[in-house]
Amino acid sequence: MSQRVDVEKYTCFCEAACLHYGLSADAAAITARLLVRTDQFGTWTHGTLNLLLYLQKIPVGGIDAMAEPEVVVDGPAYAVIDGHNAMAVYSGYKGLEIGMQKARESGVAYVGIRHSGHYGACGVYAVTAAEQGFIALVMSNTVPNMAAPGGKGAVIGNSPIAYAVPAGPHRLVFLDIATSQVAGMKVINKIKAGESIPEGWIVDKDGQPTTHVTMDEILAGQWALSPMGGHKGYGLSFFIEVMCAVLTGGATFQVKNWMNPSQVADVSHSLILIDVSKFMSLDAFSERMAEAIGFIAGHPTVDENGRIFLPGEMEWERYEKSVAEGMVLPDLVAQNARALADLIGYDFEKCVIE
């Protein structure tokens, strides 16, 4: 059943779980904070739902708890980082810190990260940068799980991409999407809930649309996600593969299924950051963003009482509600959290709001 939790206490629980499995204090704090924040935006498929599996990968070699990301290519406005199979959320955040530092010095920066893993939602990294005055573009490749138009079976990942833009006193604008019709975790959650898959989400091993797939078929690769907008999602995913894996020396079209506990996923990520202050003052940029936001928000709607949402606006409303009222964990997230608490001997009731 769903469970309302205090955000700060829930974050402390997630951090304690990371420490229990051998993460450093820094890695544990970063992992807990970013995954909980992802939940606060309502992106449940990429937040703490996955923490149990991330941590269970550590004892069997799927993640190296004590590994430290290493800069292996270093330039004035660019870097490549070897994640050494560390906790991927940690590697992603460390790459973001390096990118922001370089962008402050050079105006624009690129950072690629190879030999990493499933690191949650790209959007949380983009938002973190935008809150510090950067325009951010964040990408990751993933296991080949998506069909190409005209192809049979999975050939490319449904690689996610996110952007975030600061907006002064307004909520910053951000978008976080996969290049498939839906994220793969949404399909998996449907399977776990015993529900059929909506039409248009997936194809079978022969490339034919289907509304049914089993977990065994997923693990065996006998299915594929449908690309967003057909050739458009496929083409965008190919570019993300280049920016994340080809350019960094990472695994190209050879990422492994991160849900296999003992398997090293070998994912690659990349980010591009623009320091707004190098182009104009943040106040001037905020004024221009306010004009752009006002233009969209003030546009006529079909329903006279309707509203046009800016990218990220729905997510911010969920976030603000979680801060004010606590966060209601969906059934599956609550189940995984309680299972993790039982494993480490943590009193989960300390997180619960009555």
# chains A, B, ... in the order shown; residues from 1 in each chain; ligands from 1
>>> residues_around(residues="Ala109 of chain A", least_positions_apart="2", cutoff="8 Å", atoms="only C-alpha atoms", output="list in words")
Ala77, Tyr78, Gly99, Met100, Lys102, Ala103, Ser106, Gly107, Val111, Ile272, Leu273 and Ile274 of chain A
>>> residues_around(residues="segment 30-43 of chain A", least_positions_apart="6", cutoff="7 Å", atoms="only C-alpha atoms", output="JSON, numbers by chain")
{"A": [11, 14, 15, 89, 90, 121, 124, 315, 316, 318, 319, 322, 327]}
>>> write_last_selection(atoms="all heavy atoms", output="CSV table (one decimal), in the first residue's frame")
chain,number,residue,atom,x,y,z
A,11,THR,N,15.0,10.6,3.3
A,11,THR,CA,16.4,10.8,2.7
A,11,THR,C,17.4,10.2,3.6
A,11,THR,O,18.4,9.5,3.2
A,11,THR,CB,16.6,12.3,2.4
A,11,THR,OG1,15.6,12.8,1.6
A,11,THR,CG2,18.0,12.4,1.8
A,14,CYS,N,17.4,6.4,3.2
A,14,CYS,CA,18.1,6.0,2.0
A,14,CYS,C,19.6,6.2,2.1
A,14,CYS,O,20.4,5.3,1.7
A,14,CYS,CB,17.6,6.9,0.8
A,14,CYS,SG,15.9,6.5,0.4
A,15,GLU,N,20.1,7.2,2.8
A,15,GLU,CA,21.5,7.4,3.0
A,15,GLU,C,22.1,6.3,3.9
A,15,GLU,O,23.2,5.8,3.7
A,15,GLU,CB,21.7,8.8,3.6
A,15,GLU,CG,23.2,9.2,3.8
A,15,GLU,CD,23.4,10.6,4.3
A,15,GLU,OE1,22.4,11.4,4.3
A,15,GLU,OE2,24.5,10.9,4.7
A,89,VAL,N,24.9,7.2,-9.7
A,89,VAL,CA,24.4,8.5,-9.3
A,89,VAL,C,25.5,9.3,-8.8
A,89,VAL,O,25.6,10.6,-9.1
A,89,VAL,CB,23.3,8.3,-8.2
A,89,VAL,CG1,22.7,9.7,-7.8
A,89,VAL,CG2,22.2,7.4,-8.6
A,90,TYR,N,26.4,8.7,-8.1
A,90,TYR,CA,27.6,9.4,-7.6
A,90,TYR,C,28.5,9.9,-8.7
A,90,TYR,O,28.9,11.1,-8.8
A,90,TYR,CB,28.4,8.5,-6.7
A,90,TYR,CG,29.6,9.0,-6.0
A,90,TYR,CD1,29.6,10.2,-5.3
A,90,TYR,CD2,30.8,8.3,-6.1
A,90,TYR,CE1,30.8,10.7,-4.8
A,90,TYR,CE2,32.0,8.8,-5.5
A,90,TYR,CZ,32.0,10.0,-4.9
A,90,TYR,OH,33.1,10.5,-4.3
A,121,ALA,N,17.3,9.5,-13.2
A,121,ALA,CA,16.7,10.5,-14.2
A,121,ALA,C,17.7,11.6,-14.6
A,121,ALA,O,18.3,12.2,-13.7
A,121,ALA,CB,15.4,11.1,-13.6
A,124,VAL,N,17.2,15.3,-13.0
A,124,VAL,CA,17.6,15.8,-11.7
A,124,VAL,C,19.0,16.4,-11.8
A,124,VAL,O,19.3,17.4,-11.0
A,124,VAL,CB,17.6,14.6,-10.6
A,124,VAL,CG1,18.7,13.7,-10.8
A,124,VAL,CG2,17.5,15.2,-9.2
A,315,GLU,N,5.8,19.0,-12.6
A,315,GLU,CA,6.8,18.4,-11.7
A,315,GLU,C,7.1,19.3,-10.5
A,315,GLU,O,7.2,18.8,-9.3
A,315,GLU,CB,8.1,18.0,-12.4
A,315,GLU,CG,8.0,16.9,-13.4
A,315,GLU,CD,7.4,17.2,-14.7
A,315,GLU,OE1,7.0,18.4,-14.9
A,315,GLU,OE2,7.3,16.4,-15.6
A,316,TRP,N,7.2,20.6,-10.7
A,316,TRP,CA,7.5,21.5,-9.6
A,316,TRP,C,6.3,21.5,-8.6
A,316,TRP,O,6.5,21.6,-7.4
A,316,TRP,CB,7.8,22.9,-10.1
A,316,TRP,CG,9.2,23.1,-10.6
A,316,TRP,CD1,9.6,23.4,-11.8
A,316,TRP,CD2,10.4,22.9,-9.8
A,316,TRP,NE1,11.0,23.5,-11.8
A,316,TRP,CE2,11.5,23.2,-10.6
A,316,TRP,CE3,10.6,22.6,-8.4
A,316,TRP,CZ2,12.8,23.1,-10.2
A,316,TRP,CZ3,11.9,22.5,-8.0
A,316,TRP,CH2,13.0,22.8,-8.8
A,318,ARG,N,4.3,19.0,-7.9
A,318,ARG,CA,4.4,17.8,-7.1
A,318,ARG,C,5.6,18.0,-6.1
A,318,ARG,O,5.4,17.6,-4.9
A,318,ARG,CB,4.8,16.6,-8.0
A,318,ARG,CG,3.7,16.3,-9.0
A,318,ARG,CD,4.1,15.0,-9.8
A,318,ARG,NE,3.2,14.9,-11.0
A,318,ARG,CZ,3.7,14.9,-12.2
A,318,ARG,NH1,5.0,15.0,-12.4
A,318,ARG,NH2,2.9,14.8,-13.2
A,319,TYR,N,6.6,18.6,-6.5
A,319,TYR,CA,7.8,18.8,-5.6
A,319,TYR,C,7.4,19.7,-4.4
A,319,TYR,O,7.7,19.3,-3.2
A,319,TYR,CB,8.9,19.4,-6.4
A,319,TYR,CG,10.2,19.7,-5.6
A,319,TYR,CD1,11.2,18.7,-5.5
A,319,TYR,CD2,10.4,20.9,-4.9
A,319,TYR,CE1,12.3,18.9,-4.8
A,319,TYR,CE2,11.6,21.0,-4.2
A,319,TYR,CZ,12.5,20.1,-4.1
A,319,TYR,OH,13.7,20.2,-3.4
A,322,SER,N,5.3,17.9,-1.9
A,322,SER,CA,6.0,16.9,-1.1
A,322,SER,C,6.7,17.6,0.0
A,322,SER,O,6.8,17.1,1.1
A,322,SER,CB,7.0,16.2,-2.0
A,322,SER,OG,8.1,16.9,-2.3
A,327,MET,N,5.7,13.2,1.3
A,327,MET,CA,5.6,12.5,0.0
A,327,MET,C,4.9,11.2,0.1
A,327,MET,O,5.3,10.3,0.9
A,327,MET,CB,7.1,12.3,-0.5
A,327,MET,CG,7.2,11.8,-1.9
A,327,MET,SD,8.9,12.0,-2.5
A,327,MET,CE,9.9,11.0,-1.3
>>> residues_around(residues="Ser91 of chain A", least_positions_apart="3", cutoff="9 Å", atoms="only C-alpha atoms", output="list in words")
Ala27, Glu68, Pro69, Ile81, Asp82, Gly83, His84, Asn85, Ala86, Met87, Ala88, Lys94, Gly95, Leu96, Ile113, Ser116, Gly117 and Tyr119 of chain A
>>> residues_around(residues="segment 189-198 of chain A", least_positions_apart="2", cutoff="9 Å", atoms="only C-alpha atoms", output="list in words")
Thr45, Gly184, Met185, Lys186, Val187, Gly200, Trp201, Ile202, Thr210, Thr211, His212, Val213, Thr214, Met215 and Leu332 of chain A
>>> residues_around(residues="segment 258-266 of chain A", least_positions_apart="3", cutoff="7 Å", atoms="only C-alpha atoms", output="ChimeraX atom specification")
/A:56-57,60-63,115-118,251,255
>>> select_by_dssp(residues="segment 44-274 of chain A", states="helix (DSSP H, G or I)", output="PyMOL selection string")
chain A and resi 44-46+48-57+88-106+122-130+184-192+215-219+231-246
